[in-house]
Every structure is written in C-alpha cells, then in structure tokens.
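Source file: structure39.tsv. Holds: TSV, N, CA and C atoms.
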chain	number	residue	atom	x	y	z
A	1	MET	N	0.85	-1.18	0.00
A	1	MET	CA	0.00	0.00	0.00
A	1	MET	C	0.89	1.23	0.00
A	2	THR	N	0.62	2.13	-0.89
A	2	THR	CA	1.39	3.36	-0.99
A	2	THR	C	0.70	4.47	-0.21
A	3	HIS	N	1.42	5.56	0.00
A	3	HIS	CA	0.82	6.68	0.74
A	3	HIS	C	-0.39	7.24	0.01
A	4	GLY	N	-0.33	7.31	-1.31
A	4	GLY	CA	-1.46	7.84	-2.08
A	4	GLY	C	-2.67	6.96	-1.99
A	5	ARG	N	-2.46	5.66	-2.02
A	5	ARG	CA	-3.57	4.71	-1.95
A	5	ARG	C	-4.23	4.75	-0.57
A	6	SER	N	-3.43	4.87	0.47
A	6	SER	CA	-3.96	4.95	1.82
A	6	SER	C	-4.85	6.19	1.97
A	7	ARG	N	-4.36	7.30	1.49
A	7	ARG	CA	-5.13	8.55	1.58
A	7	ARG	C	-6.40	8.46	0.74
A	8	PHE	N	-6.28	7.89	-0.46
A	8	PHE	CA	-7.44	7.73	-1.34
A	8	PHE	C	-8.51	6.87	-0.66
A	9	SER	N	-8.10	5.75	-0.08
A	9	SER	CA	-9.05	4.87	0.61
A	9	SER	C	-9.73	5.59	1.77
A	10	ARG	N	-8.95	6.32	2.53
A	10	ARG	CA	-9.50	7.05	3.67
A	10	ARG	C	-10.52	8.09	3.21
A	11	ILE	N	-10.19	8.80	2.17
A	11	ILE	CA	-11.09	9.85	1.67
A	11	ILE	C	-12.35	9.24	1.06
A	12	CYS	N	-12.21	8.12	0.34
A	12	CYS	CA	-13.37	7.44	-0.24
A	12	CYS	C	-14.36	7.03	0.85
A	13	GLU	N	-13.84	6.64	1.99
A	13	GLU	CA	-14.72	6.22	3.09
A	13	GLU	C	-15.26	7.41	3.86
A	14	GLY	N	-14.73	8.61	3.60
A	14	GLY	CA	-15.19	9.80	4.30
A	14	GLY	C	-14.63	9.93	5.71
A	15	TRP	N	-13.46	9.32	5.93
A	15	TRP	CA	-12.86	9.31	7.26
A	15	TRP	C	-11.80	10.40	7.39
A	16	THR	N	-11.67	10.91	8.60
A	16	THR	CA	-10.53	11.75	8.95
A	16	THR	C	-9.40	10.81	9.36
A	17	LEU	N	-8.22	11.36	9.55
A	17	LEU	CA	-7.10	10.55	10.04
A	17	LEU	C	-7.43	9.95	11.40
A	18	ALA	N	-8.12	10.72	12.24
A	18	ALA	CA	-8.47	10.22	13.58
A	18	ALA	C	-9.44	9.04	13.48
A	19	GLU	N	-10.38	9.10	12.54
A	19	GLU	CA	-11.32	7.98	12.37
A	19	GLU	C	-10.60	6.74	11.87
A	20	LEU	N	-9.68	6.92	10.92
A	20	LEU	CA	-8.91	5.79	10.43
A	20	LEU	C	-8.06	5.20	11.55
A	21	ALA	N	-7.48	6.06	12.35
A	21	ALA	CA	-6.67	5.59	13.49
A	21	ALA	C	-7.54	4.78	14.45
A	22	GLY	N	-8.75	5.25	14.71
A	22	GLY	CA	-9.65	4.53	15.60
A	22	GLY	C	-10.05	3.16	15.05
A	23	ARG	N	-10.22	3.08	13.75
A	23	ARG	CA	-10.64	1.81	13.13
A	23	ARG	C	-9.49	0.82	12.99
A	24	THR	N	-8.26	1.32	12.92
A	24	THR	CA	-7.12	0.44	12.71
A	24	THR	C	-6.32	0.20	13.99
A	25	GLY	N	-6.49	1.07	14.98
A	25	GLY	CA	-5.70	0.97	16.19
A	25	GLY	C	-4.29	1.52	16.01
A	26	LEU	N	-4.05	2.21	14.91
A	26	LEU	CA	-2.74	2.80	14.63
A	26	LEU	C	-2.72	4.25	15.09
A	27	PRO	N	-1.57	4.76	15.50
A	27	PRO	CA	-1.49	6.16	15.91
A	27	PRO	C	-1.70	7.11	14.73
A	28	VAL	N	-2.34	8.23	15.00
A	28	VAL	CA	-2.60	9.24	13.97
A	28	VAL	C	-1.29	9.69	13.34
A	29	GLY	N	-0.25	9.89	14.14
A	29	GLY	CA	1.04	10.33	13.62
A	29	GLY	C	1.62	9.36	12.60
A	30	GLU	N	1.48	8.07	12.86
A	30	GLU	CA	1.98	7.06	11.92
A	30	GLU	C	1.21	7.11	10.61
A	31	LEU	N	-0.11	7.28	10.70
A	31	LEU	CA	-0.92	7.37	9.49
A	31	LEU	C	-0.63	8.65	8.71
A	32	ALA	N	-0.43	9.75	9.42
A	32	ALA	CA	-0.09	11.01	8.76
A	32	ALA	C	1.25	10.88	8.04
A	33	GLY	N	2.21	10.25	8.70
A	33	GLY	CA	3.51	10.03	8.07
A	33	GLY	C	3.39	9.16	6.83
A	34	LEU	N	2.56	8.15	6.91
A	34	LEU	CA	2.33	7.28	5.76
A	34	LEU	C	1.78	8.08	4.58
A	35	GLU	N	0.82	8.96	4.86
A	35	GLU	CA	0.23	9.76	3.79
A	35	GLU	C	1.21	10.79	3.23
A	36	GLN	N	2.25	11.09	3.98
A	36	GLN	CA	3.26	12.04	3.51
A	36	GLN	C	4.43	11.35	2.83
A	37	GLY	N	4.34	10.04	2.69
A	37	GLY	CA	5.35	9.33	1.92
A	37	GLY	C	6.28	8.42	2.69
A	38	GLU	N	6.10	8.30	3.99
A	38	GLU	CA	6.94	7.37	4.75
A	38	GLU	C	6.61	5.94	4.34
A	39	SER	N	7.58	5.07	4.49
A	39	SER	CA	7.34	3.67	4.13
A	39	SER	C	6.39	3.04	5.13
A	40	VAL	N	5.71	2.00	4.67
A	40	VAL	CA	4.71	1.34	5.50
A	40	VAL	C	5.05	-0.15	5.58
A	41	SER	N	4.86	-0.71	6.74
A	41	SER	CA	5.09	-2.15	6.89
A	41	SER	C	3.91	-2.92	6.31
A	42	GLN	N	4.13	-4.17	6.02
A	42	GLN	CA	3.05	-5.00	5.50
A	42	GLN	C	1.93	-5.14	6.52
A	43	ALA	N	2.27	-5.20	7.78
A	43	ALA	CA	1.26	-5.35	8.84
A	43	ALA	C	0.37	-4.10	8.91
A	44	THR	N	0.99	-2.92	8.80
A	44	THR	CA	0.21	-1.68	8.82
A	44	THR	C	-0.70	-1.60	7.61
A	45	ALA	N	-0.18	-1.93	6.45
A	45	ALA	CA	-0.99	-1.91	5.22
A	45	ALA	C	-2.16	-2.88	5.34
A	46	ALA	N	-1.92	-4.04	5.91
A	46	ALA	CA	-2.98	-5.04	6.07
A	46	ALA	C	-4.07	-4.53	7.01
A	47	ARG	N	-3.68	-3.82	8.07
A	47	ARG	CA	-4.67	-3.28	9.01
A	47	ARG	C	-5.54	-2.22	8.34
A	48	ILE	N	-4.93	-1.40	7.51
A	48	ILE	CA	-5.69	-0.36	6.80
A	48	ILE	C	-6.65	-1.01	5.80
A	49	ARG	N	-6.14	-1.96	5.02
A	49	ARG	CA	-7.00	-2.66	4.04
A	49	ARG	C	-8.17	-3.35	4.74
A	50	GLN	N	-7.90	-3.98	5.87
A	50	GLN	CA	-8.94	-4.68	6.62
A	50	GLN	C	-10.02	-3.72	7.11
A	51	ALA	N	-9.60	-2.58	7.63
A	51	ALA	CA	-10.57	-1.59	8.12
A	51	ALA	C	-11.46	-1.08	6.99
A	52	VAL	N	-10.86	-0.79	5.84
A	52	VAL	CA	-11.62	-0.29	4.69
A	52	VAL	C	-12.56	-1.38	4.19
A	53	SER	N	-12.08	-2.59	4.05
A	53	SER	CA	-12.91	-3.70	3.54
A	53	SER	C	-14.09	-3.97	4.47
A	54	THR	N	-13.83	-4.00	5.75
A	54	THR	CA	-14.91	-4.25	6.72
A	54	THR	C	-15.98	-3.18	6.62
A	55	HIS	N	-15.55	-1.94	6.54
A	55	HIS	CA	-16.51	-0.84	6.45
A	55	HIS	C	-17.33	-0.93	5.17
A	56	ARG	N	-16.68	-1.22	4.06
A	56	ARG	CA	-17.41	-1.33	2.78
A	56	ARG	C	-18.40	-2.48	2.81
A	57	ARG	N	-18.03	-3.61	3.38
A	57	ARG	CA	-18.95	-4.76	3.46
A	57	ARG	C	-20.16	-4.42	4.32
A	58	GLU	N	-19.93	-3.76	5.45
A	58	GLU	CA	-21.04	-3.38	6.33
A	58	GLU	C	-21.98	-2.40	5.65
A	59	ARG	N	-21.41	-1.40	4.98
A	59	ARG	CA	-22.23	-0.41	4.27
A	59	ARG	C	-23.03	-1.08	3.17
A	60	ALA	N	-22.38	-1.96	2.40
A	60	ALA	CA	-23.07	-2.62	1.29
A	60	ALA	C	-24.25	-3.43	1.79
A	61	ALA	N	-24.06	-4.20	2.86
A	61	ALA	CA	-25.14	-5.03	3.39
A	61	ALA	C	-26.33	-4.17	3.80
A	62	ALA	N	-26.07	-3.06	4.49
A	62	ALA	CA	-27.15	-2.18	4.93
A	62	ALA	C	-27.87	-1.54	3.74
A	63	LEU	N	-27.11	-1.11	2.74
A	63	LEU	CA	-27.72	-0.48	1.56
A	63	LEU	C	-28.55	-1.49	0.77
A	64	ILE	N	-28.05	-2.70	0.61
A	64	ILE	CA	-28.78	-3.73	-0.14
A	64	ILE	C	-30.08	-4.06	0.58
A	65	ASP	N	-30.03	-4.20	1.90
A	65	ASP	CA	-31.25	-4.47	2.67
A	65	ASP	C	-32.28	-3.37	2.46
A	66	ARG	N	-31.82	-2.13	2.55
A	66	ARG	CA	-32.74	-0.99	2.38
A	66	ARG	C	-33.31	-0.92	0.97
A	67	LEU	N	-32.45	-1.14	-0.01
A	67	LEU	CA	-32.88	-1.04	-1.40
A	67	LEU	C	-33.82	-2.18	-1.78
A	68	CYS	N	-33.47	-3.38	-1.36
A	68	CYS	CA	-34.25	-4.56	-1.78
A	68	CYS	C	-35.57	-4.69	-1.02
A	69	ALA	N	-35.82	-3.81	-0.08
A	69	ALA	CA	-37.14	-3.75	0.54
A	69	ALA	C	-38.14	-3.15	-0.45
A	70	ARG	N	-37.63	-2.45	-1.46
A	70	ARG	CA	-38.50	-1.79	-2.44
A	70	ARG	C	-38.38	-2.36	-3.85
A	71	ILE	N	-37.22	-2.94	-4.17
A	71	ILE	CA	-36.96	-3.42	-5.53
A	71	ILE	C	-36.35	-4.82	-5.42
A	72	SER	N	-36.68	-5.68	-6.36
A	72	SER	CA	-36.11	-7.03	-6.29
A	72	SER	C	-34.59	-6.97	-6.48
A	73	GLN	N	-33.94	-7.82	-5.75
A	73	GLN	CA	-32.49	-7.87	-5.80
A	73	GLN	C	-32.00	-8.20	-7.20
A	74	ARG	N	-32.65	-9.11	-7.85
A	74	ARG	CA	-32.25	-9.51	-9.21
A	74	ARG	C	-32.37	-8.34	-10.17
A	75	HIS	N	-33.42	-7.54	-10.02
A	75	HIS	CA	-33.60	-6.38	-10.90
A	75	HIS	C	-32.47	-5.37	-10.68
A	76	VAL	N	-32.11	-5.15	-9.44
A	76	VAL	CA	-31.00	-4.23	-9.14
A	76	VAL	C	-29.71	-4.74	-9.78
A	77	GLU	N	-29.45	-6.04	-9.65
A	77	GLU	CA	-28.25	-6.62	-10.27
A	77	GLU	C	-28.27	-6.42	-11.78
A	78	HIS	N	-29.41	-6.65	-12.38
A	78	HIS	CA	-29.52	-6.49	-13.84
A	78	HIS	C	-29.27	-5.04	-14.26
A	79	VAL	N	-29.91	-4.13	-13.57
A	79	VAL	CA	-29.79	-2.71	-13.92
A	79	VAL	C	-28.36	-2.21	-13.74
A	80	LEU	N	-27.68	-2.69	-12.71
A	80	LEU	CA	-26.30	-2.24	-12.47
A	80	LEU	C	-25.28	-3.06	-13.24
A	81	GLY	N	-25.73	-4.07	-13.97
A	81	GLY	CA	-24.82	-4.88	-14.75
A	81	GLY	C	-23.98	-5.82	-13.90
A	82	LEU	N	-24.52	-6.25	-12.78
A	82	LEU	CA	-23.82	-7.16	-11.88
A	82	LEU	C	-24.24	-8.60	-12.16
A	83	SER	N	-23.39	-9.54	-11.84
A	83	SER	CA	-23.74	-10.93	-12.06
A	83	SER	C	-24.82	-11.36	-11.07
A	84	GLN	N	-25.61	-12.34	-11.49
A	84	GLN	CA	-26.68	-12.83	-10.65
A	84	GLN	C	-26.08	-13.44	-9.38
A	85	GLY	N	-26.60	-13.05	-8.24
A	85	GLY	CA	-26.12	-13.54	-6.96
A	85	GLY	C	-25.06	-12.66	-6.31
A	86	TYR	N	-24.55	-11.68	-7.05
A	86	TYR	CA	-23.49	-10.82	-6.50
A	86	TYR	C	-23.97	-10.07	-5.26
A	87	LEU	N	-25.18	-9.52	-5.31
A	87	LEU	CA	-25.68	-8.77	-4.16
A	87	LEU	C	-25.92	-9.70	-2.97
A	88	SER	N	-26.31	-10.94	-3.23
A	88	SER	CA	-26.47	-11.90	-2.14
A	88	SER	C	-25.14	-12.15	-1.45
A	89	ARG	N	-24.10	-12.28	-2.25
A	89	ARG	CA	-22.77	-12.49	-1.67
A	89	ARG	C	-22.34	-11.28	-0.85
A	90	LEU	N	-22.60	-10.08	-1.37
A	90	LEU	CA	-22.25	-8.88	-0.61
A	90	LEU	C	-23.07	-8.78	0.67
A	91	ARG	N	-24.33	-9.14	0.58
A	91	ARG	CA	-25.22	-9.08	1.74
A	91	ARG	C	-24.74	-9.96	2.88
A	92	THR	N	-24.13	-11.07	2.55
A	92	THR	CA	-23.65	-12.00	3.58
A	92	THR	C	-22.20	-11.74	3.96
A	93	GLY	N	-21.60	-10.70	3.41
A	93	GLY	CA	-20.23	-10.35	3.77
A	93	GLY	C	-19.16	-11.06	2.97
A	94	CYS	N	-19.55	-11.75	1.91
A	94	CYS	CA	-18.58	-12.43	1.04
A	94	CYS	C	-18.23	-11.49	-0.10
A	95	GLY	N	-17.08	-10.92	-0.04
A	95	GLY	CA	-16.66	-9.99	-1.09
A	95	GLY	C	-16.73	-8.56	-0.60
A	96	THR	N	-15.90	-7.74	-1.20
A	96	THR	CA	-15.85	-6.33	-0.86
A	96	THR	C	-16.21	-5.52	-2.10
A	97	PRO	N	-17.26	-4.71	-2.02
A	97	PRO	CA	-17.67	-3.93	-3.18
A	97	PRO	C	-16.70	-2.79	-3.48
A	98	SER	N	-16.62	-2.43	-4.74
A	98	SER	CA	-15.79	-1.29	-5.14
A	98	SER	C	-16.49	0.00	-4.72
A	99	PRO	N	-15.75	1.10	-4.68
A	99	PRO	CA	-16.40	2.38	-4.38
A	99	PRO	C	-17.50	2.72	-5.39
A	100	LEU	N	-17.33	2.32	-6.64
A	100	LEU	CA	-18.35	2.60	-7.66
A	100	LEU	C	-19.64	1.84	-7.38
A	101	VAL	N	-19.55	0.57	-7.02
A	101	VAL	CA	-20.75	-0.20	-6.68
A	101	VAL	C	-21.42	0.39	-5.45
A	102	LEU	N	-20.62	0.77	-4.46
A	102	LEU	CA	-21.20	1.40	-3.26
A	102	LEU	C	-21.91	2.70	-3.60
A	103	ALA	N	-21.32	3.48	-4.49
A	103	ALA	CA	-21.95	4.74	-4.88
A	103	ALA	C	-23.30	4.48	-5.55
A	104	ALA	N	-23.34	3.52	-6.46
A	104	ALA	CA	-24.60	3.20	-7.15
A	104	ALA	C	-25.64	2.69	-6.15
A	105	LEU	N	-25.24	1.83	-5.24
A	105	LEU	CA	-26.17	1.32	-4.23
A	105	LEU	C	-26.67	2.44	-3.33
A	106	THR	N	-25.79	3.35	-2.97
A	106	THR	CA	-26.18	4.49	-2.13
A	106	THR	C	-27.22	5.36	-2.84
A	107	LEU	N	-26.94	5.67	-4.09
A	107	LEU	CA	-27.88	6.50	-4.86
A	107	LEU	C	-29.25	5.84	-4.98
A	108	LEU	N	-29.25	4.54	-5.30
A	108	LEU	CA	-30.52	3.84	-5.46
A	108	LEU	C	-31.23	3.63	-4.14
A	109	ALA	N	-30.49	3.38	-3.07
A	109	ALA	CA	-31.13	3.20	-1.76
A	109	ALA	C	-31.78	4.50	-1.29
A	110	ASN	N	-31.20	5.64	-1.65
A	110	ASN	CA	-31.76	6.93	-1.26
A	110	ASN	C	-32.90	7.37	-2.17
A	111	ALA	N	-32.92	6.86	-3.39
A	111	ALA	CA	-33.99	7.22	-4.34
A	111	ALA	C	-34.32	6.00	-5.21
A	112	PRO	N	-34.98	4.99	-4.64
A	112	PRO	CA	-35.24	3.75	-5.38
A	112	PRO	C	-36.05	3.94	-6.66
A	113	ASP	N	-36.85	4.99	-6.71
A	113	ASP	CA	-37.66	5.23	-7.91
A	113	ASP	C	-36.80	5.57	-9.13
A	114	ARG	N	-35.56	5.95	-8.91
A	114	ARG	CA	-34.68	6.31	-10.02
A	114	ARG	C	-34.12	5.10	-10.74
A	115	VAL	N	-34.43	3.90	-10.26
A	115	VAL	CA	-33.95	2.69	-10.93
A	115	VAL	C	-34.50	2.63	-12.35
A	116	VAL	N	-35.64	3.24	-12.57
A	116	VAL	CA	-36.24	3.27	-13.91
A	116	VAL	C	-35.31	3.96	-14.90
A	117	GLU	N	-34.63	5.00	-14.45
A	117	GLU	CA	-33.70	5.71	-15.33
A	117	GLU	C	-32.54	4.82	-15.76
A	118	LEU	N	-32.10	3.96	-14.87
A	118	LEU	CA	-30.99	3.07	-15.20
A	118	LEU	C	-31.43	1.86	-16.01
A	119	THR	N	-32.70	1.51	-15.93
A	119	THR	CA	-33.20	0.34	-16.65
A	119	THR	C	-32.96	0.50	-18.14
A	120	HIS	N	-33.11	1.70	-18.66
A	120	HIS	CA	-32.91	1.92	-20.08
A	120	HIS	C	-31.45	1.74	-20.48
A	121	CYS	N	-30.55	2.01	-19.56
A	121	CYS	CA	-29.12	1.84	-19.84
A	121	CYS	C	-28.73	0.38	-19.90
A	122	ALA	N	-29.44	-0.48	-19.16
A	122	ALA	CA	-29.09	-1.89	-19.10
A	122	ALA	C	-29.56	-2.65	-20.34
A	123	THR	N	-30.54	-2.10	-21.03
A	123	THR	CA	-31.07	-2.75	-22.22
A	123	THR	C	-30.13	-2.50	-23.39
A	124	PRO	N	-29.74	-3.55	-24.09
A	124	PRO	CA	-28.86	-3.33	-25.24
A	124	PRO	C	-29.51	-2.42	-26.27
A	125	LEU	N	-28.73	-1.59	-26.84
A	125	LEU	CA	-29.25	-0.69	-27.86
A	125	LEU	C	-29.58	-1.48	-29.11
A	126	PRO	N	-30.65	-1.13	-29.77
A	126	PRO	CA	-30.99	-1.87	-30.99
A	126	PRO	C	-29.92	-1.62	-32.06
A	127	THR	N	-29.63	-2.64	-32.80
A	127	THR	CA	-28.63	-2.48	-33.86
A	127	THR	C	-29.36	-2.13	-35.15
A	128	ARG	N	-28.74	-1.26	-35.88
A	128	ARG	CA	-29.32	-0.89	-37.18
A	128	ARG	C	-28.72	-1.79	-38.23
A	129	SER	N	-29.57	-2.21	-39.14
A	129	SER	CA	-29.03	-3.02	-40.22
A	129	SER	C	-28.33	-2.08	-41.19
A	130	ARG	N	-27.19	-2.51	-41.60
A	130	ARG	CA	-26.42	-1.68	-42.53
A	130	ARG	C	-26.90	-1.99	-43.95
A	131	SER	N	-27.15	-0.94	-44.64
A	131	SER	CA	-27.52	-1.16	-46.04
A	131	SER	C	-26.23	-1.30	-46.84
A	132	ARG	N	-26.13	-2.38	-47.48
A	132	ARG	CA	-24.94	-2.59	-48.30
A	132	ARG	C	-25.20	-2.12	-49.69
A	133	ARG	N	-24.19	-1.61	-50.20
A	133	ARG	CA	-24.30	-1.10	-51.56
A	133	ARG	C	-24.29	-2.28	-52.51
A	134	GLN	N	-25.32	-2.34	-53.27
A	134	GLN	CA	-25.44	-3.45	-54.22
A	134	GLN	C	-24.62	-3.17	-55.47
A	135	ALA	N	-23.98	-4.19	-55.94
A	135	ALA	CA	-23.22	-4.03	-57.18
A	135	ALA	C	-24.20	-3.92	-58.34
A	136	PRO	N	-23.94	-3.05	-59.30
A	136	PRO	CA	-24.88	-2.88	-60.44
A	136	PRO	C	-24.87	-4.05	-61.37
If you convert what's in this file into structure tokens, what do you get?
Amino acid sequence: MTHGRSRFSRICEGWTLAELAGRTGLPVGELAGLEQGESVSQATAARIRQAVSTHRRERAAALIDRLCARISQRHVEHVLGLSQGYLSRLRTGCGTPSPLVLAALTLLANAPDRVVELTHCATPLPTRSRSRRQAP
C-alpha cells in the first residue's frame, strides 16, 4: 500500500485521520507520516486494508437491505450490470464492493424510484441493419 492509496481509501470512506486511526488501532502520527510518503510495513498496510474492507462490506449489506425492501435484488443486479447472486454475496459479507458499486447502491437506496432511469441503460441498444451497396 502506498501513501497515495492509503489517503485515497481514507477519503473514499469519508474518514478523517483520527477515524482511520480509531478503526485500525494505529497512531494518527503514523498514518499522517504514511500519507506524507513514509514507508509502510506489510502489517500496517494489512490493518488499513482490513478496516476499509470491513466498512465497505457493512455499508453494502445495509444499503442492499434498504434497497431490496422496495426493488427485487435480481432487478437491481440487472440494472447495475452485476452478475446474478453478486448482491447476495455482498449481503452476507462475502466480497468487498468497489467504491463505484457502493456509490450506485447508495444513490438507489436513497432514491429507489430512479432505478427506472438506469433500466434503459441496461437494455442493449438496438442495432441498425447496414444497407450494403449493391453491385450494379
């Protein structure tokens, strides 16, 4: 884990350095030094990755529960272009969603009626038949 990646992960989760320190058990000074370019041990990197992954899994499960109270889980998977069963795996804590998947789930959980707007994106666009020029 590099200093840039650590900072990016922290910011994606909306955490301050103090919040990250609380979740990892690492001192704020060590995390600040890491973000400024100091080298990081494998153990420290693993603790940061674990904290981020745990938080993302917890958020995903809560968002999926909220969203699927209004829309079928399969429909959400289809609209977001996810494989069948992916949300079930996330719901049970198997797998860590990307920030993009979390963002989509957050938007839909806050406004489930907007799934209609995404439904049109999931449908393949009709192909036009090409008119070939006929030889005379």
- Message: Could you check which residues have any atom within 12 Å of (-11.0, 2.0, 14.1), counting only C-alpha atoms with coordinates taken straight from the file, and then list them as a PyMOL selection string?
- Response: chain A and resi 10+15-28+47-52+54-55
- Which value, in Å to one decimal, gives the distance between CA of Arg59 in chain A and CA of Ile11 in chain A?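 Between CA of Arg59 in chain A and CA of Ile11 in chain A the gap is 15.4 Å.
Using only C-alpha atoms, the shortest contact distance between Ser9 in chain A and any of A:Ala45, A:Val115, A:Leu67, A:Leu80 is found at A:Ala45.
Using only C-alpha atoms, the shortest contact distance between Gly14 in chain A and any of A:Gln42, A:Arg56, A:Gly81, A:Arg91 is found at A:Arg56.
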- Find the residue from A:Leu87, A:Leu34, A:Ala103, A:Ala43 that sits nearest to Ile64 in chain A; use only N, CA and C atoms when measuring. A:Leu87
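Interatomic distance, CA of Leu102 in chain A to atom N of Val116 in chain A: 17.3 Å.
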- Query: How many Å separate CA of Pro97 in chain A from CA of Arg57 in chain A?
  - Reply: 6.8 Å
- Query: Using only C-alpha atoms, which of the listed residues (A:Leu105, A:Arg5, A:Ser98, A:Glu38) sits closest to Cys68 in chain A?
  - Reply: A:Leu105
- Task: Using backbone DSSP assignments, extract all helix (DSSP H, G or I) residues from chain A; output them as a ChimeraX atom specification.
- Result: /A:3-13,17-24,28-35,42-68,73-80,86-91,99-110,112-122
